[in-house]
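Undergrad: coords.cif is reproduced below (mmCIF, C-alpha atoms).
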data_structure
#
loop_
_atom_site.group_PDB
_atom_site.id
_atom_site.type_symbol
_atom_site.label_atom_id
_atom_site.label_comp_id
_atom_site.auth_asym_id
_atom_site.auth_seq_id
_atom_site.Cartn_x
_atom_site.Cartn_y
_atom_site.Cartn_z
ATOM 1 C CA MET A 2 6.606 -3.655 -4.398
ATOM 2 C CA ARG A 3 10.194 -2.978 -5.408
ATOM 3 C CA PHE A 4 11.690 -4.171 -2.148
ATOM 4 C CA ASN A 5 11.192 -7.025 0.273
ATOM 5 C CA LEU A 6 9.692 -4.662 2.835
ATOM 6 C CA PRO A 7 6.846 -5.118 5.334
ATOM 7 C CA LYS A 8 3.313 -4.764 4.051
ATOM 8 C CA SER A 9 1.157 -1.941 5.340
ATOM 9 C CA ASN A 10 -2.506 -1.108 4.825
ATOM 10 C CA ALA A 11 -3.828 2.362 4.130
ATOM 11 C CA GLY A 12 -4.147 4.368 7.323
ATOM 12 C CA ARG A 13 -2.060 1.964 9.416
ATOM 13 C CA ARG A 14 -0.185 3.750 12.197
ATOM 14 C CA VAL A 15 3.411 2.509 12.280
ATOM 15 C CA GLY A 16 6.178 3.536 14.651
ATOM 16 C CA LEU A 17 9.723 3.421 13.281
ATOM 17 C CA LEU A 18 12.510 2.622 15.747
ATOM 18 C CA GLY A 19 15.950 2.916 14.177
ATOM 19 C CA GLY A 20 19.328 1.930 15.513
ATOM 20 C CA SER A 21 22.296 -0.378 15.344
ATOM 21 C CA PHE A 22 20.696 -2.910 17.710
ATOM 22 C CA ASP A 23 24.219 -4.106 18.515
ATOM 23 C CA PRO A 24 22.803 -6.152 20.163
ATOM 24 C CA ALA A 25 19.055 -5.765 20.574
ATOM 25 C CA HIS A 26 17.950 -6.189 24.191
ATOM 26 C CA GLU A 27 15.029 -6.019 26.595
ATOM 27 C CA GLY A 28 15.195 -2.214 26.682
ATOM 28 C CA HIS A 29 14.420 -2.043 22.954
ATOM 29 C CA VAL A 30 11.502 -4.417 23.456
ATOM 30 C CA ARG A 31 10.148 -2.332 26.324
ATOM 31 C CA ILE A 32 10.390 0.908 24.346
ATOM 32 C CA SER A 33 8.495 -0.729 21.474
ATOM 33 C CA GLU A 34 5.756 -2.090 23.713
ATOM 34 C CA GLN A 35 5.346 1.268 25.422
ATOM 35 C CA ALA A 36 5.255 3.070 22.079
ATOM 36 C CA LEU A 37 2.471 0.806 20.803
ATOM 37 C CA LYS A 38 0.382 1.698 23.832
ATOM 38 C CA ARG A 39 1.327 5.303 24.518
ATOM 39 C CA PHE A 40 1.184 6.543 20.903
ATOM 40 C CA ASP A 41 -1.765 4.406 19.712
ATOM 41 C CA LEU A 42 0.261 2.540 17.077
ATOM 42 C CA ASP A 43 -0.755 -0.527 15.095
ATOM 43 C CA GLN A 44 2.822 -1.734 14.655
ATOM 44 C CA VAL A 45 6.432 -0.856 15.432
ATOM 45 C CA TRP A 46 9.089 -1.557 12.799
ATOM 46 C CA TRP A 47 12.692 -1.853 13.891
ATOM 47 C CA LEU A 48 15.031 -0.366 11.280
ATOM 48 C CA VAL A 49 18.267 -2.262 11.948
ATOM 49 C CA SER A 50 20.836 0.029 10.363
ATOM 50 C CA PRO A 51 23.911 -1.075 8.417
ATOM 51 C CA ALA A 52 26.055 1.362 10.443
ATOM 52 C CA ASN A 53 25.810 4.475 12.586
ATOM 53 C CA PRO A 54 27.391 7.521 10.849
ATOM 54 C CA LEU A 55 28.129 9.087 14.264
ATOM 55 C CA LYS A 56 30.125 6.081 15.534
ATOM 56 C CA PRO A 57 33.678 5.528 14.266
ATOM 57 C CA GLN A 58 33.639 1.776 14.877
ATOM 58 C CA GLY A 59 31.260 -0.378 12.884
ATOM 59 C CA PRO A 60 28.731 -2.720 14.535
ATOM 60 C CA ALA A 61 28.532 -6.502 14.254
ATOM 61 C CA PRO A 62 27.494 -7.851 10.832
ATOM 62 C CA LEU A 63 23.958 -6.877 9.874
ATOM 63 C CA ASP A 64 22.693 -10.436 9.380
ATOM 64 C CA LYS A 65 23.840 -11.351 12.890
ATOM 65 C CA ARG A 66 22.092 -8.341 14.440
ATOM 66 C CA VAL A 67 18.857 -8.943 12.490
ATOM 67 C CA ALA A 68 18.832 -12.650 13.386
ATOM 68 C CA HIS A 69 19.395 -11.882 17.077
ATOM 69 C CA ALA A 70 16.592 -9.279 17.064
ATOM 70 C CA ARG A 71 14.185 -11.753 15.479
ATOM 71 C CA ARG A 72 15.021 -14.385 18.120
ATOM 72 C CA LEU A 73 14.446 -11.812 20.860
ATOM 73 C CA ILE A 74 11.062 -10.600 19.619
ATOM 74 C CA ASP A 75 7.917 -12.590 20.335
ATOM 75 C CA HIS A 76 5.314 -9.931 19.606
ATOM 76 C CA PRO A 77 2.931 -9.949 16.623
ATOM 77 C CA ARG A 78 3.024 -6.161 16.246
ATOM 78 C CA ILE A 79 6.804 -5.641 16.340
ATOM 79 C CA VAL A 80 8.490 -6.204 12.961
ATOM 80 C CA ILE A 81 12.256 -6.520 12.408
ATOM 81 C CA THR A 82 13.519 -5.031 9.126
ATOM 82 C CA ASP A 83 16.729 -4.195 7.274
ATOM 83 C CA VAL A 84 14.988 -1.346 5.456
ATOM 84 C CA GLU A 85 18.008 0.949 5.214
ATOM 85 C CA THR A 86 20.107 -1.752 3.550
ATOM 86 C CA GLN A 87 17.359 -2.450 1.024
ATOM 87 C CA LEU A 88 16.847 1.242 0.313
ATOM 88 C CA ASP A 89 20.612 1.894 0.294
ATOM 89 C CA THR A 90 20.205 4.861 2.634
ATOM 90 C CA ARG A 91 22.780 5.843 5.237
ATOM 91 C CA PHE A 92 21.063 8.690 7.072
ATOM 92 C CA THR A 93 17.748 8.646 8.940
ATOM 93 C CA CYS A 94 16.316 11.599 7.029
ATOM 94 C CA ASP A 95 16.882 9.814 3.711
ATOM 95 C CA SER A 96 15.355 6.571 4.986
ATOM 96 C CA LEU A 97 12.252 8.359 6.239
ATOM 97 C CA ARG A 98 11.801 10.256 2.974
ATOM 98 C CA ALA A 99 12.021 6.983 1.025
ATOM 99 C CA LEU A 100 9.528 5.229 3.312
ATOM 100 C CA ARG A 101 7.091 8.126 3.037
ATOM 101 C CA GLU A 102 7.276 7.817 -0.750
ATOM 102 C CA ILE A 103 6.840 4.026 -0.826
ATOM 103 C CA TYR A 104 4.101 3.917 1.831
ATOM 104 C CA SER A 105 2.178 7.044 0.898
ATOM 105 C CA THR A 106 -0.963 6.015 2.841
ATOM 106 C CA THR A 107 0.753 4.789 6.041
ATOM 107 C CA ARG A 108 0.881 7.117 9.043
ATOM 108 C CA PHE A 109 4.449 6.883 10.339
ATOM 109 C CA THR A 110 5.771 8.074 13.695
ATOM 110 C CA TRP A 111 9.519 8.275 14.297
ATOM 111 C CA LEU A 112 10.431 6.795 17.691
ATOM 112 C CA MET A 113 13.520 7.410 19.769
ATOM 113 C CA GLY A 114 14.865 7.328 23.270
ATOM 114 C CA ALA A 115 15.399 10.576 25.118
ATOM 115 C CA ASP A 116 19.163 10.154 24.682
ATOM 116 C CA ASN A 117 18.699 10.620 20.924
ATOM 117 C CA LEU A 118 16.547 13.723 21.392
ATOM 118 C CA ALA A 119 19.459 15.209 23.333
ATOM 119 C CA GLN A 120 21.798 14.863 20.358
ATOM 120 C CA ILE A 121 19.582 14.675 17.269
ATOM 121 C CA HIS A 122 20.709 18.200 16.303
ATOM 122 C CA GLN A 123 23.993 16.531 15.241
ATOM 123 C CA TRP A 124 22.173 14.379 12.652
ATOM 124 C CA ARG A 125 22.017 15.273 8.970
ATOM 125 C CA ASP A 126 18.868 17.286 8.091
ATOM 126 C CA TRP A 127 17.537 16.704 11.612
ATOM 127 C CA GLN A 128 14.891 19.403 11.324
ATOM 128 C CA ASP A 129 13.472 17.620 8.277
ATOM 129 C CA ILE A 130 12.800 14.543 10.443
ATOM 130 C CA PHE A 131 10.385 16.591 12.559
ATOM 131 C CA GLN A 132 8.750 17.955 9.398
ATOM 132 C CA LEU A 133 8.357 14.502 7.792
ATOM 133 C CA MET A 134 6.377 12.756 10.534
ATOM 134 C CA PRO A 135 5.387 12.980 14.218
ATOM 135 C CA VAL A 136 8.147 12.107 16.688
ATOM 136 C CA GLY A 137 7.591 10.043 19.833
ATOM 137 C CA VAL A 138 10.269 10.309 22.518
ATOM 138 C CA LEU A 139 10.488 7.765 25.335
ATOM 139 C CA ALA A 140 12.451 8.588 28.480
ATOM 140 C CA ARG A 141 15.509 6.465 29.320
ATOM 141 C CA PRO A 142 17.556 6.471 32.523
ATOM 142 C CA GLY A 143 19.233 9.807 33.265
ATOM 143 C CA GLN A 144 18.291 11.476 29.967
ATOM 144 C CA GLY A 145 14.982 13.206 30.655
ATOM 145 C CA LEU A 146 16.072 16.694 31.713
ATOM 146 C CA ALA A 147 18.933 17.046 29.213
ATOM 147 C CA ALA A 148 16.700 15.889 26.380
ATOM 148 C CA GLN A 149 13.894 18.308 27.177
ATOM 149 C CA CYS A 150 16.379 21.216 27.198
ATOM 150 C CA ALA A 151 18.111 20.105 23.984
ATOM 151 C CA PRO A 152 18.250 22.265 20.823
ATOM 152 C CA ALA A 153 15.642 20.102 19.068
ATOM 153 C CA ALA A 154 13.207 20.423 21.966
ATOM 154 C CA ARG A 155 13.637 24.197 21.969
ATOM 155 C CA ARG A 156 13.382 24.500 18.180
ATOM 156 C CA PHE A 157 10.071 22.586 18.071
ATOM 157 C CA ALA A 158 8.679 23.690 21.436
ATOM 158 C CA SER A 159 5.461 24.958 19.864
ATOM 159 C CA ALA A 160 4.815 21.544 18.249
ATOM 160 C CA ARG A 161 5.069 19.601 21.519
ATOM 161 C CA LEU A 162 2.079 17.510 22.561
ATOM 162 C CA ALA A 163 1.451 17.038 26.280
ATOM 163 C CA ALA A 164 2.240 13.563 27.607
ATOM 164 C CA ARG A 165 -1.360 13.128 28.757
ATOM 165 C CA ALA A 166 -2.413 13.442 25.083
ATOM 166 C CA SER A 167 0.232 11.033 23.782
ATOM 167 C CA ARG A 168 -2.313 8.717 22.108
ATOM 168 C CA LEU A 169 -3.148 11.540 19.702
ATOM 169 C CA LEU A 170 0.424 11.761 18.370
ATOM 170 C CA SER A 171 0.128 9.140 15.609
ATOM 171 C CA HIS A 172 -2.970 10.979 14.328
ATOM 172 C CA CYS A 173 -1.205 14.358 14.160
ATOM 173 C CA THR A 174 0.272 16.154 11.173
ATOM 174 C CA ALA A 175 3.982 16.971 11.427
ATOM 175 C CA PRO A 176 5.571 18.788 13.044
ATOM 176 C CA ALA A 177 4.347 17.241 16.275
ATOM 177 C CA TRP A 178 6.264 15.493 19.018
ATOM 178 C CA CYS A 179 5.616 14.069 22.462
ATOM 179 C CA PHE A 180 7.884 13.162 25.371
ATOM 180 C CA VAL A 181 6.635 10.408 27.670
ATOM 181 C CA ASP A 182 8.084 8.705 30.721
ATOM 182 C CA MET A 183 8.168 4.920 30.802
ATOM 183 C CA PRO A 184 9.281 2.188 33.179
ATOM 184 C CA GLN A 185 13.053 2.311 33.119
ATOM 185 C CA SER A 186 15.267 -0.499 31.860
ATOM 186 C CA PRO A 187 18.965 -0.712 32.803
ATOM 187 C CA ALA A 188 19.728 -2.737 29.649
ATOM 188 C CA SER A 189 22.380 -1.233 27.376
ATOM 189 C CA SER A 190 23.942 -2.526 24.162
ATOM 190 C CA SER A 191 27.333 -1.065 25.069
ATOM 191 C CA ALA A 192 27.209 -2.662 28.534
ATOM 192 C CA ILE A 193 26.373 -6.035 26.975
ATOM 193 C CA ARG A 194 29.332 -5.695 24.593
ATOM 194 C CA ASN A 195 31.690 -4.541 27.339
ATOM 195 C CA ARG A 196 30.999 -7.558 29.525
ATOM 196 C CA GLY A 197 31.562 -9.932 26.622
ATOM 197 C CA GLY A 198 27.937 -10.921 26.168
ATOM 198 C CA TRP A 199 27.974 -10.176 22.442
ATOM 199 C CA GLY A 200 30.795 -11.220 20.166
#
Go ahead and render the structure in this file as structure tokens.
TA:
Amino acid sequence: MRFNLPKSNAGRRVGLLGGSFDPAHEGHVRISEQALKRFDLDQVWWLVSPANPLKPQGPAPLDKRVAHARRLIDHPRIVITDVETQLDTRFTCDSLRALREIYSTTRFTWLMGADNLAQIHQWRDWQDIFQLMPVGVLARPGQGLAAQCAPAARRFASARLAARASRLLSHCTAPAWCFVDMPQSPASSSAIRNRGGWG
């Protein structure tokens, strides 16, 4: 393989959770654990991004964020990666296209919190994300209603899978997406930074 990326077997169902992880916290862990169960995934890969194009201020250094995430995770099916740095991609759509090309036999599902569903229409080529792979959305505090009324939810309304059928999502052909509720976590990267717990 051209890159030092995780290995994946043919047919493996892998959820991709992207973000700055600045810092990673219990909420990220909980989302990953719920995604494994609710969407019938074999693994979840964290894509720790070099930077967020929508945020004017850069995050902490990548190696610090990756190292912290790896110390936090004690789960055999959650894998921490710096995929976007290795692929030299800046936007989610480009990263997902590259991963689809490299792992042609892996069944990927893009994962995100409901807060991202509410604003994904601001992302570059956001509609392509829904066409590339199934999308699993996990509810976070205070974001459920706004997310389900968001432009992306309306645009792909006909591709929505009922929450009760969420375990079918990773077996679906895109476009397909599912919104599920999960036990809420008050953890927030920005709150951790604001109280001086990361620096």
Undergrad: Find the residues near Gln35 in chain A: any atom within 12 Å, counting all atoms listed in the file, skip ones fewer than 2 places away on the same chain, and give them as a VMD selection string.
TA: chain A and resid 16 28 to 33 37 to 42 44 to 45 79 112 to 114 137 to 140 167 to 168 181 to 186
Undergrad: Under the rule that all atoms listed in the file are counted, which of A:Cys179, A:Leu118, A:Ala148, A:Ala52 is the nearest residue to Ala163 in chain A?
TA: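 So, comparing all the options, the nearest one is A:Cys179.
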Undergrad: Would you mind telling me which residue in A:Ala25, A:Ala164, A:Ala175, A:Ala11 lies nearest to Val136 in chain A when using all atoms listed in the file?
TA: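 When distances to Val136 in chain A are compared using all atoms listed in the file, the smallest one comes from A:Ala175.
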Undergrad: Evaluate the PyMOL selection byres ((chain A and resi 123) around 12) on the structure here and hand back the selected residues as a PDB file with C-alpha atoms, in the coordinates of the input.
TA:
ATOM      1  CA  PRO A  54      27.391   7.521  10.849  1.00  0.00           C
ATOM      2  CA  LEU A  55      28.129   9.087  14.264  1.00  0.00           C
ATOM      3  CA  PHE A  92      21.063   8.690   7.072  1.00  0.00           C
ATOM      4  CA  THR A  93      17.748   8.646   8.940  1.00  0.00           C
ATOM      5  CA  ASN A 117      18.699  10.620  20.924  1.00  0.00           C
ATOM      6  CA  LEU A 118      16.547  13.723  21.392  1.00  0.00           C
ATOM      7  CA  ALA A 119      19.459  15.209  23.333  1.00  0.00           C
ATOM      8  CA  GLN A 120      21.798  14.863  20.358  1.00  0.00           C
ATOM      9  CA  ILE A 121      19.582  14.675  17.269  1.00  0.00           C
ATOM     10  CA  HIS A 122      20.709  18.200  16.303  1.00  0.00           C
ATOM     11  CA  TRP A 124      22.173  14.379  12.652  1.00  0.00           C
ATOM     12  CA  ARG A 125      22.017  15.273   8.970  1.00  0.00           C
ATOM     13  CA  ASP A 126      18.868  17.286   8.091  1.00  0.00           C
ATOM     14  CA  TRP A 127      17.537  16.704  11.612  1.00  0.00           C
ATOM     15  CA  GLN A 128      14.891  19.403  11.324  1.00  0.00           C
ATOM     16  CA  ALA A 151      18.111  20.105  23.984  1.00  0.00           C
ATOM     17  CA  PRO A 152      18.250  22.265  20.823  1.00  0.00           C
ATOM     18  CA  ALA A 153      15.642  20.102  19.068  1.00  0.00           C
TER      19      ALA A 153
END
Undergrad: For the file shown, report as a PyMOL selection string the outcome of the PyMOL selection byres ((chain A and resi 68) around 12) at residue level.
TA: chain A and resi 22-25+49+61-67+69-74+81-83
Undergrad: For Leu17 in chain A, please output as a count of residues only all residues within 7 Å (counting only C-alpha atoms; exclusion window: fewer than 4 positions along the same chain).
TA: 8
Undergrad: Take CA of Asp43 in chain A and CA of Arg98 in chain A and report the distance between them in Å, one decimal.
TA: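 Value for the CA of Asp43 in chain A-CA of Arg98 in chain A distance: 20.5 Å.
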